[in-house]
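These notes concern the structure reproduced below.
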Amino acid sequence: MGALEQRGLLTQPHASAGRIPSPQGYRHYVDCLLPAPGPSVGHLERELTSLDLHWAALDDLLVQLAQRLTAFTGLMSLITPPVKSKPVLKDLRLVRSGNHLLVLLVDTSCQASHLNLRLPSDRVGDLEAMEHWTRDQLQRQPDGSPDWSSVPPHLQIWGDLLRESIDNHRKARTLGSSDITFYGLARLVAQPEFHHSERLQPLLELMDSHPAEVVATTAPRNGVWIGREHPELALEHCSVVQASFRSSGDGIGQVALVGPMRMAYATAMASVRSVALHLERLLT
């Protein structure tokens with residue numbers, strides 16, 4: 001025990017506590033000593049195979065899988081839909097509804113969204129012409145960005161409105177988290193590691209405002225972030241087990257489990273890989 005402590009693999013949180021693995025100790029365990037996952041993972045795989053989700057909407061599919069993953073592991077689960085690093089606007093529709101304009105957007109990650117804008121006071125009759133011009137531009141521009149400088153003069157008021165709205169929408173999607181599915185936060189905060197508010201508050205703030213930060217863009221070592229290895233400081237007392245999956249549109253999504261560092265790593269790693277593989281089969 002003393003030798004392990006000298007190597008930094010064990011730590012003693014306070015004088016009256018026993019020795020527990022340090023983050024370095026957990027890392028050594030994951031990298032060098034991890035056993036094969038138990039037979040229970042096979043039960044999860046059979047359960048996933050038996051689910052008839054081929055016709056489910058993507059959002060419903062992710063919710064069901066996140067719930068199954070949390071129920072099986074007891075950890076908080078998080079799944080992001082498959083998106084390209086920079087989704088490209090693929091198509092657009094303009095629909096008038098009273099004095100509002102509905103802008104329907106579809107990008108190359110197969111994600112659809114809409115904007116609800118107030119109609120300009122004039123030029124309402126040019127709506128069809130503006131839709132035709134914008135769709136023609138999307139076909140011509142491989143990066144999905146219309147050449148707004150070439151908007152015909154009689155459509156300029158529409159061009160300014162759409163350009164500003166689409167730009168703001170892209171920024172909001174980049175910074176927002178409405179597409180992230182997570183489940184089991186109550187399970188996570190009930191763990192003894194988070195009984196102290198100084199550990200719990202940053203975690204709750206992260207999940208409330210930026211849950212997408214849990215799945216970092218850089219790949220973790222062996223699929224696992226341990227403590228301060230994760231770039232997000234709020235997760236310094238957690239481990240994050242992560243696996244990616246692809247869709248037919250070349251989008252990449254992530255499946256992750258978040259829990260205390262004293263988790264069953266072999267089971268968690270096998271579980272996220274199983275769900276990621278199942279999603280990839282359904283989406284390709």
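Ordered as shown in the structure tokens, chains take letters A, B, and onward, while each chain numbers its residues from 1 and ligands are numbered from 1 in the order shown.
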Can you pull out the residues contacting stretch 252-260 of chain A? Cut-off 9 Å, using only C-alpha atoms, and skip same-chain residues under 5 positions away; I want them as a PyMOL selection string. chain A and resi 66+69-70+73-85+109+187-188+191-194+214-215+227+235+237-247+268-269+271-273+275-276
Residues from last step as file, C-alpha atoms, as an mmCIF file, in the first residue's frame:
```
data_model
loop_
_atom_site.group_PDB
_atom_site.id
_atom_site.type_symbol
_atom_site.label_atom_id
_atom_site.label_comp_id
_atom_site.auth_asym_id
_atom_site.auth_seq_id
_atom_site.Cartn_x
_atom_site.Cartn_y
_atom_site.Cartn_z
ATOM 1 C CA ALA A 66 -30.359 7.084 -22.842
ATOM 2 C CA LEU A 69 -28.239 3.065 -20.591
ATOM 3 C CA THR A 70 -28.834 4.792 -17.253
ATOM 4 C CA THR A 73 -25.350 1.234 -15.452
ATOM 5 C CA GLY A 74 -26.760 3.515 -12.756
ATOM 6 C CA LEU A 75 -24.809 6.409 -14.289
ATOM 7 C CA MET A 76 -25.899 9.574 -16.061
ATOM 8 C CA SER A 77 -26.112 9.038 -19.806
ATOM 9 C CA LEU A 78 -25.753 11.605 -22.566
ATOM 10 C CA ILE A 79 -26.229 11.193 -26.322
ATOM 11 C CA THR A 80 -25.666 13.759 -29.052
ATOM 12 C CA PRO A 81 -27.282 13.368 -32.492
ATOM 13 C CA PRO A 82 -24.959 12.802 -35.454
ATOM 14 C CA VAL A 83 -23.807 16.123 -36.887
ATOM 15 C CA LYS A 84 -20.966 17.181 -39.097
ATOM 16 C CA SER A 85 -18.385 19.454 -37.547
ATOM 17 C CA SER A 109 -26.587 16.444 -40.932
ATOM 18 C CA ARG A 187 -28.585 9.367 -10.046
ATOM 19 C CA LEU A 188 -25.313 11.251 -10.431
ATOM 20 C CA GLN A 191 -23.558 9.809 -5.241
ATOM 21 C CA PRO A 192 -21.610 10.575 -2.031
ATOM 22 C CA GLU A 193 -18.897 12.356 -4.028
ATOM 23 C CA PHE A 194 -21.378 15.156 -4.736
ATOM 24 C CA VAL A 214 -19.476 16.882 -21.469
ATOM 25 C CA VAL A 215 -18.556 15.231 -24.774
ATOM 26 C CA GLY A 227 -10.954 13.739 -13.392
ATOM 27 C CA LEU A 235 -16.125 17.435 -14.285
ATOM 28 C CA HIS A 237 -14.470 14.881 -9.762
ATOM 29 C CA CYS A 238 -16.072 12.692 -12.441
ATOM 30 C CA SER A 239 -15.130 10.174 -15.067
ATOM 31 C CA VAL A 240 -16.647 10.344 -18.548
ATOM 32 C CA VAL A 241 -16.788 7.236 -20.734
ATOM 33 C CA GLN A 242 -17.387 8.118 -24.368
ATOM 34 C CA ALA A 243 -17.894 6.397 -27.743
ATOM 35 C CA SER A 244 -18.764 7.839 -31.146
ATOM 36 C CA PHE A 245 -21.084 6.641 -33.907
ATOM 37 C CA ARG A 246 -21.686 7.659 -37.508
ATOM 38 C CA SER A 247 -24.778 8.177 -39.627
ATOM 39 C CA ALA A 268 -19.453 1.377 -18.662
ATOM 40 C CA MET A 269 -17.066 1.181 -21.618
ATOM 41 C CA SER A 271 -22.183 -0.308 -22.602
ATOM 42 C CA VAL A 272 -21.457 2.959 -24.435
ATOM 43 C CA ARG A 273 -19.803 1.025 -27.263
ATOM 44 C CA VAL A 275 -25.272 1.655 -27.709
ATOM 45 C CA ALA A 276 -23.040 3.530 -30.172
#
```
Assign secondary structure with DSSP using the backbone only, and return the residues of stretch 61-252 of chain A in helix (DSSP H, G or I) as number ranges by chain. A: 61-73, 124-140, 148-150, 153-175, 185-189, 192-194, 197-209, 211-214, 221-223, 227-229, 233-235
Within stretch 217-260 of chain A, find each residue whose DSSP state, derived from the backbone, is strand (DSSP E), and express the selection as a ChimeraX atom specification. /A:224-226,238-246,252-260
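Nearest to A:Ser274 of all the residues A:His195, A:His43, A:Arg19, A:His132 is A:His43, based on only C-alpha atoms.
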Shell around A:Val88 at 7 Å using only C-alpha atoms, local window under 2 positions removed, as a PyMOL selection string: chain A and resi 86+90+107-108+143-144
May I have the residues from that selection written out with C-alpha atoms, as a PDB file, in the first residue's frame?
```pdb
ATOM      1  CA  LYS A  86     -19.803  22.256 -39.682  1.00  0.00           C
ATOM      2  CA  LYS A  90     -28.930  22.147 -47.798  1.00  0.00           C
ATOM      3  CA  ASP A 107     -28.811  20.869 -43.299  1.00  0.00           C
ATOM      4  CA  THR A 108     -26.487  18.061 -44.385  1.00  0.00           C
ATOM      5  CA  ASP A 143     -20.573  25.602 -48.323  1.00  0.00           C
ATOM      6  CA  GLY A 144     -24.295  26.307 -47.903  1.00  0.00           C
TER       7      GLY A 144
END
```
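Among the candidates A:Ser40, A:Gln24, A:Ser150, A:Gln67, the one nearest to A:Gly184 when counting only C-alpha atoms is A:Gln67.
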When you look at A:Ser248 with a cut-off of 9 Å (counting only C-alpha atoms), what residues show up, excluding the ones that are within fewer than 5 positions of it in the same chain? I need them as JSON, numbers by chain. {"A": [280, 283, 284]}
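Residues surrounding A:Met130 within 12 Å are Leu92, Arg93, Leu94, Val95, Val103, Arg123, Val124, Asp136, Gln137, Pro146, Trp148, Val151, Pro152, Pro153, His154, Leu155, Gln156, Ile157, Trp158, Gly159, Asp160, Leu161, Leu162 and Arg163 of chain A [only C-alpha atoms; sequence separation below 6 positions excluded].
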Please produce a file of those selected residues containing N, CA and C atoms, as an mmCIF file, in the first residue's frame.
```cif
data_model
loop_
_atom_site.group_PDB
_atom_site.id
_atom_site.type_symbol
_atom_site.label_atom_id
_atom_site.label_comp_id
_atom_site.auth_asym_id
_atom_site.auth_seq_id
_atom_site.Cartn_x
_atom_site.Cartn_y
_atom_site.Cartn_z
ATOM 1 N N LEU A 92 -34.177 25.035 -48.121
ATOM 2 C CA LEU A 92 -34.913 26.069 -47.399
ATOM 3 C C LEU A 92 -36.304 26.202 -47.997
ATOM 4 N N ARG A 93 -37.268 26.456 -47.140
ATOM 5 C CA ARG A 93 -38.631 26.751 -47.580
ATOM 6 C C ARG A 93 -39.127 27.981 -46.815
ATOM 7 N N LEU A 94 -39.892 28.817 -47.509
ATOM 8 C CA LEU A 94 -40.492 30.001 -46.901
ATOM 9 C C LEU A 94 -42.004 29.849 -46.953
ATOM 10 N N VAL A 95 -42.653 29.931 -45.792
ATOM 11 C CA VAL A 95 -44.102 29.742 -45.704
ATOM 12 C C VAL A 95 -44.702 30.906 -44.926
ATOM 13 N N VAL A 103 -39.555 29.959 -41.695
ATOM 14 C CA VAL A 103 -38.402 29.591 -42.516
ATOM 15 C C VAL A 103 -37.991 28.183 -42.112
ATOM 16 N N ARG A 123 -43.347 44.357 -49.680
ATOM 17 C CA ARG A 123 -42.661 43.346 -50.480
ATOM 18 C C ARG A 123 -43.145 41.925 -50.186
ATOM 19 N N VAL A 124 -44.295 41.764 -49.593
ATOM 20 C CA VAL A 124 -44.781 40.425 -49.261
ATOM 21 C C VAL A 124 -44.964 39.586 -50.518
ATOM 22 N N ASP A 136 -31.724 28.364 -55.235
ATOM 23 C CA ASP A 136 -30.768 28.314 -56.344
ATOM 24 C C ASP A 136 -29.352 28.573 -55.844
ATOM 25 N N GLN A 137 -29.209 29.507 -54.916
ATOM 26 C CA GLN A 137 -27.899 29.799 -54.341
ATOM 27 C C GLN A 137 -27.353 28.599 -53.559
ATOM 28 N N PRO A 146 -25.384 31.311 -49.105
ATOM 29 C CA PRO A 146 -25.753 32.103 -50.287
ATOM 30 C C PRO A 146 -24.892 33.353 -50.406
ATOM 31 N N TRP A 148 -25.028 36.644 -50.464
ATOM 32 C CA TRP A 148 -26.016 37.674 -50.170
ATOM 33 C C TRP A 148 -25.733 38.982 -50.901
ATOM 34 N N VAL A 151 -27.958 39.510 -54.079
ATOM 35 C CA VAL A 151 -29.422 39.548 -54.003
ATOM 36 C C VAL A 151 -29.948 40.644 -54.931
ATOM 37 N N PRO A 152 -30.925 40.333 -55.783
ATOM 38 C CA PRO A 152 -31.500 41.366 -56.658
ATOM 39 C C PRO A 152 -32.052 42.530 -55.835
ATOM 40 N N PRO A 153 -31.954 43.742 -56.361
ATOM 41 C CA PRO A 153 -32.400 44.918 -55.595
ATOM 42 C C PRO A 153 -33.829 44.813 -55.073
ATOM 43 N N HIS A 154 -34.741 44.247 -55.873
ATOM 44 C CA HIS A 154 -36.132 44.199 -55.426
ATOM 45 C C HIS A 154 -36.360 43.162 -54.324
ATOM 46 N N LEU A 155 -35.326 42.328 -54.049
ATOM 47 C CA LEU A 155 -35.423 41.335 -52.973
ATOM 48 C C LEU A 155 -34.525 41.686 -51.786
ATOM 49 N N GLN A 156 -33.955 42.868 -51.788
ATOM 50 C CA GLN A 156 -32.952 43.214 -50.785
ATOM 51 C C GLN A 156 -33.504 43.154 -49.361
ATOM 52 N N ILE A 157 -34.741 43.593 -49.177
ATOM 53 C CA ILE A 157 -35.308 43.580 -47.828
ATOM 54 C C ILE A 157 -35.437 42.147 -47.302
ATOM 55 N N TRP A 158 -35.783 41.208 -48.215
ATOM 56 C CA TRP A 158 -35.832 39.792 -47.847
ATOM 57 C C TRP A 158 -34.432 39.247 -47.576
ATOM 58 N N GLY A 159 -33.486 39.618 -48.430
ATOM 59 C CA GLY A 159 -32.119 39.131 -48.261
ATOM 60 C C GLY A 159 -31.534 39.530 -46.925
ATOM 61 N N ASP A 160 -31.739 40.797 -46.533
ATOM 62 C CA ASP A 160 -31.216 41.262 -45.243
ATOM 63 C C ASP A 160 -31.862 40.507 -44.086
ATOM 64 N N LEU A 161 -33.174 40.290 -44.192
ATOM 65 C CA LEU A 161 -33.890 39.588 -43.127
ATOM 66 C C LEU A 161 -33.416 38.144 -42.992
ATOM 67 N N LEU A 162 -33.316 37.435 -44.114
ATOM 68 C CA LEU A 162 -32.899 36.032 -44.068
ATOM 69 C C LEU A 162 -31.448 35.884 -43.650
ATOM 70 N N ARG A 163 -30.578 36.720 -44.183
ATOM 71 C CA ARG A 163 -29.149 36.618 -43.842
ATOM 72 C C ARG A 163 -28.941 36.775 -42.339
#
```
Compare A:Asp91, A:Ala212, A:Asn168, A:Ser22 by their minimum atom-to-atom distance to A:Arg135, counting only C-alpha atoms, and give me the closest one. A:Asp91
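The space between atom CA of A:Tyr265 and atom CA of A:Gly42 spans 15.7 Å.
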d(atom CA of A:His169, atom CA of A:Thr181) in Å: 20.0 Å
